[in-house]
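Since the structure comes first, as structure tokens, the remarks are kept for the end.
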Amino acid sequence: MRSDRGQSAPLGLKIAAGCGLLFLHLPILLIFVYAFTTEEKSFVWPPPGLTLQWFAVTWNRPDVWEALSLSVRVAAISTAIALVLGTLCAAAVSQTRFFGREAISLLVILPIALPGIITGIALRSAFSLADIPFSFWTIVLGHATFCVVVVYNNAVARFRRTSGSMIEASMDLGADGFQTFRHVVLPNIATALLAGGMLAFALSFDEVIVTTFTAGQQQTVPIWMLEELIRPRQRPVTNVVAMVVVLVTLLPILFAYYLTRDGDQIAGSGK
């Protein structure tokens with residue numbers, strides 16, 4: 001039978017793929033261009049000139065640094081919580097059998113399947129009923145609800161491809177639970193956890209809807225950008241910050257893809 005792997009794609013399919021990529025990424029490229037424009041109040045195409053002054057202006061804006069610092073801290077702590085809870089939940093669901101296992105798995109992934117506004121309203125109502133003031137920690141808890149799902153999905157897929165006989169062999173050779181996790185389980189799931197953590201960080205960093213309902217008076221980077229778009233002072237500064245957001249979220253996603261693209265190559269996966 002002749003293999004079609006080396007056959008070139010039809011010209012029409014290539015054109016359609018190119019148009020799709022342009023549709024997705026051309027607006028992002030426009031943001032990059034307008035970060036260098038000399039026009040301050042409005043968007044003009046083509047830009048009347050290009051300058052680097054807005055990067056210096058952005059660097060000296062304390063409100064930008066405050067929003068960036070808050071977003072990084074929230075994303076980091078939310079990711080740490082998600083790594084612990086998501087890994088434990090994935091281990092329980094994939095390594096044991098019990099009544100209601102599939103229902104628990106559904107409940108774990110439900111927060112990311114629901115519209116963000118539903119999750120935001122639910123969290124705001126819960127915090128209000130519990131008389132919890134809106135603060136940094138309410139944002140963290142809100143973000144952790146969907147960050148757990150990202151880590152869980154990565155971890156449970158890797159757990160299910162890891163041979164259970166390796167864990168049994170480790171225990172038979174006298175290793176305790178912690179030693180088995182450290183020397184057998186963790187090396188097999190490490191890249192999945194790292195990828196899930198980076199995806200969770202990127203997702204938390206640019207979250208808008210849930211943050212709106214849980215932040216109170218604080219401003220993460222996406223909330224700051226919305227405020228600047230409504231009442232702009234210097235439009236190019238918003239585009240410079242948007243460039244930073246794109247890079248901060250894109251790089252972890254690319255690295256996560258690099259880590260998980262060979263995820264089927266796991267010790268014991270063929271047993």
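Order determines the names: the first chain of the structure tokens is A, the second B, and so forth; residues in each chain are numbered 1 upward, and ligands are numbered 1 upward as they are shown.
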Can you tell me which residues surround A:Val74 at a distance of at most 8 Å, considering only C-alpha atoms, apart from same-chain residues fewer than 5 positions away, and format the answer as a VMD selection string? chain A and resid 136 139 to 140 143 204 to 205
Hey, which bits of stretch 180-213 of chain A sit within 7 Å of stretch 144-163 of chain A, and for each residue what's the closest pair of atoms and how far apart in Å (one decimal), counting only C-alpha atoms, rows by chain and increasing number, as CSV?
residue,atom,partner,partner_atom,distance
A:Ile189,CA,A:Arg158,CA,6.0
A:Ala192,CA,A:Asn154,CA,5.5
A:Leu193,CA,A:Ala155,CA,6.1
A:Gly196,CA,A:Val151,CA,4.4
A:Gly197,CA,A:Val151,CA,6.2
A:Leu199,CA,A:Val150,CA,7.0
A:Ala200,CA,A:Cys147,CA,4.9
Neighbouring residues of A:Thr238 were defined as those with any atom within 8 Å, considering only C-alpha atoms; residues of the same chain fewer than 6 positions away were excluded. Please report them as a list in words.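 After dropping sequence-adjacent residues, the list is Ala35, Met225, Glu228 and Leu229 of chain A.
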For A:Thr249: contacts at 9 Å, only C-alpha atoms, fewer than 4 positions along chain excluded, given as an NGL selection string: :A and (198-199 or 201-203 or 205-206 or 244-245 or 253-254)
Have a look at atom CA of A:Phe134 and atom CA of A:Gly120 and let me know their distance in Å, one decimal.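 Spanning atom CA of A:Phe134 to atom CA of A:Gly120 is a straight-line distance of 12.6 Å.
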